[in-house]
Amino acid sequence: MFNITSRKPTYEQNAVQPMRDELIATGFEELLTPDDVEKTLNVNDDKTILVFINSVCGCAAGSARPGVSYALQNNIIPDKLYTVFAGQEKEAVNKVRGIITEYPPSSPSIALFKNGKLIYFMQRLDIEGQAPEQIASELIQIFNEYCSAEGPSISPEYFEKIMYAKQCGSKIPLFKG
């Protein structure tokens, strides 16, 4: 669900909910506050943590979300899966971006952390123009190199039922509350 106790979101929550739901259906948990981000990423337990910075843009809808979902069908995946939503929970996103100091702010983007350190980052520049299968292929290579949790994140049968939200961000209603 969403957090409206902080800065106002950019878009109407109900309009972006399908974009959240497809990642949650794949096994992601949402980080809604800076405190959530701090507690999640400031750990030293040798676990890999994937953070997907979600977005309403077309490359998130057409490539990034389906690509990461396909990659999580691999037999080796990160230990933990989290997502923040750019333009919605702005403080949580800014907290993640503050940890990713080697790259400019980017959404959508995909970050892999271990022991509180960024070990891989796929920024929007790397996503634009790529098919979901290309993104999945690169992520699978990264998972095989750095991760050790057993995949897939969800059963293939459940995965086949996921519907991907494909809507142009310019057509999503802005938050009026």
# chains A, B, ... in the order shown; residues from 1 in each chain; ligands from 1
call {"tool": "residues_around", "arguments": {"residues": "segment 130-132 of chain A", "least_positions_apart": "5", "cutoff": "8 Å", "atoms": "only C-alpha atoms", "output": "VMD selection string"}}
result
chain A and resid 62 to 68 70
call {"tool": "write_last_selection", "arguments": {"atoms": "C-alpha atoms", "output": "PDB file, in the first residue's frame"}}
result
ATOM      1  CA  GLY A  62       7.526  -2.007 -21.227  1.00  0.00           C
ATOM      2  CA  SER A  63      10.941  -3.269 -20.194  1.00  0.00           C
ATOM      3  CA  ALA A  64      12.113  -2.867 -16.607  1.00  0.00           C
ATOM      4  CA  ARG A  65       9.259  -4.387 -14.597  1.00  0.00           C
ATOM      5  CA  PRO A  66       8.738  -7.327 -16.966  1.00  0.00           C
ATOM      6  CA  GLY A  67      12.515  -7.776 -17.287  1.00  0.00           C
ATOM      7  CA  VAL A  68      13.176  -7.972 -13.546  1.00  0.00           C
ATOM      8  CA  TYR A  70      11.534 -12.643 -15.842  1.00  0.00           C
TER       9      TYR A  70
END
call {"tool": "select_by_dssp", "arguments": {"residues": "segment 33-176 of chain A", "states": "helix (DSSP H, G or I)", "output": "ChimeraX atom specification"}}
result
/A:34-41,58-71,90-99,124-127,132-146,156-159,169-171
call {"tool": "closest_residue", "arguments": {"among": "A:Pro78, A:Ser155, A:Ile99, A:Glu160", "to": "Gln141 of chain A", "atoms": "only C-alpha atoms"}}
result
A:Pro78
call {"tool": "atom_distance", "arguments": {"atom1": "atom CA of Asp36 of chain A", "atom2": "atom CA of Leu50 of chain A"}}
result
14.3 Å
call {"tool": "atom_distance", "arguments": {"atom1": "atom CA of Lys114 of chain A", "atom2": "atom CA of Tyr146 of chain A"}}
result
8.9 Å
call {"tool": "residues_around", "arguments": {"residues": "Ser69 of chain A", "least_positions_apart": "5", "cutoff": "10 Å", "atoms": "only C-alpha atoms", "output": "list of chain:residue names"}}
result
A:Glu22, A:Leu23, A:Ala25, A:Thr26, A:Gly27, A:Phe28, A:Ser63, A:Ala64, A:Asn74, A:Pro132, A:Ile135, A:Ala136, A:Pro152, A:Ser153, A:Ile154, A:Phe159, A:Ile162
call {"tool": "select_by_dssp", "arguments": {"residues": "segment 26-66 of chain A", "states": "strand (DSSP E or B)", "output": "list in words"}}
result
Glu29, Glu30, Thr48, Ile49, Leu50, Val51, Phe52, Ile53 and Asn54 of chain A
call {"tool": "write_last_selection", "arguments": {"atoms": "N, CA and C atoms", "output": "mmCIF file, in the first residue's frame"}}
result
data_model
loop_
_atom_site.group_PDB
_atom_site.id
_atom_site.type_symbol
_atom_site.label_atom_id
_atom_site.label_comp_id
_atom_site.auth_asym_id
_atom_site.auth_seq_id
_atom_site.Cartn_x
_atom_site.Cartn_y
_atom_site.Cartn_z
ATOM 1 N N GLU A 29 8.683 -6.446 -1.747
ATOM 2 C CA GLU A 29 8.051 -5.727 -0.652
ATOM 3 C C GLU A 29 8.325 -4.252 -0.873
ATOM 4 N N GLU A 30 7.364 -3.397 -0.499
ATOM 5 C CA GLU A 30 7.530 -1.965 -0.677
ATOM 6 C C GLU A 30 8.253 -1.334 0.506
ATOM 7 N N THR A 48 22.080 -10.632 -0.246
ATOM 8 C CA THR A 48 21.922 -9.702 -1.355
ATOM 9 C C THR A 48 20.508 -9.139 -1.337
ATOM 10 N N ILE A 49 20.425 -7.840 -1.595
ATOM 11 C CA ILE A 49 19.152 -7.126 -1.565
ATOM 12 C C ILE A 49 18.984 -6.406 -2.895
ATOM 13 N N LEU A 50 17.917 -6.737 -3.605
ATOM 14 C CA LEU A 50 17.592 -6.072 -4.857
ATOM 15 C C LEU A 50 16.563 -4.981 -4.560
ATOM 16 N N VAL A 51 16.850 -3.759 -5.026
ATOM 17 C CA VAL A 51 15.904 -2.656 -4.881
ATOM 18 C C VAL A 51 15.562 -2.149 -6.284
ATOM 19 N N PHE A 52 14.284 -2.195 -6.590
ATOM 20 C CA PHE A 52 13.781 -1.701 -7.865
ATOM 21 C C PHE A 52 13.155 -0.330 -7.624
ATOM 22 N N ILE A 53 13.710 0.703 -8.262
ATOM 23 C CA ILE A 53 13.110 2.031 -8.187
ATOM 24 C C ILE A 53 12.077 2.101 -9.313
ATOM 25 N N ASN A 54 10.825 1.965 -8.919
ATOM 26 C CA ASN A 54 9.712 1.902 -9.846
ATOM 27 C C ASN A 54 9.391 3.285 -10.390
#
call {"tool": "residues_around", "arguments": {"residues": "segment 41-46 of chain A", "least_positions_apart": "6", "cutoff": "12 Å", "atoms": "only C-alpha atoms", "output": "ChimeraX atom specification"}}
result
/A:31,34-35,78-83,92,95-100,111-118,146-149
call {"tool": "closest_residue", "arguments": {"among": "A:Val84, A:Tyr164, A:Lys39, A:Ala71", "to": "Glu133 of chain A", "atoms": "only C-alpha atoms"}}
result
A:Ala71
call {"tool": "residues_around", "arguments": {"residues": "Ser107 of chain A", "least_positions_apart": "3", "cutoff": "9 Å", "atoms": "only C-alpha atoms", "output": "ChimeraX atom specification"}}
result
/A:52-57,60,85-86,110,123-124
call {"tool": "closest_residue", "arguments": {"among": "A:Gln73, A:Pro105, A:Gly58, A:Asp126", "to": "Gly151 of chain A", "atoms": "only C-alpha atoms"}}
result
A:Gln73
call {"tool": "residues_around", "arguments": {"residues": "Gly87 of chain A", "least_positions_apart": "5", "cutoff": "9 Å", "atoms": "only C-alpha atoms", "output": "list in words"}}
result
Lys8, Pro9, Thr10, Tyr11, Ser55, Val56 and Val93 of chain A
call {"tool": "write_last_selection", "arguments": {"atoms": "C-alpha atoms", "output": "CSV table (one decimal), in the first residue's frame"}}
result
chain,number,residue,atom,x,y,z
A,8,LYS,CA,2.4,14.6,-1.6
A,9,PRO,CA,2.7,12.0,-4.4
A,10,THR,CA,2.9,13.1,-8.0
A,11,TYR,CA,0.2,10.8,-9.3
A,55,SER,CA,8.4,4.6,-12.2
A,56,VAL,CA,5.4,5.4,-14.4
A,93,VAL,CA,13.2,7.1,-3.0
call {"tool": "atom_distance", "arguments": {"atom1": "atom CA of Asn94 of chain A", "atom2": "atom CA of Gln134 of chain A"}}
result
27.6 Å
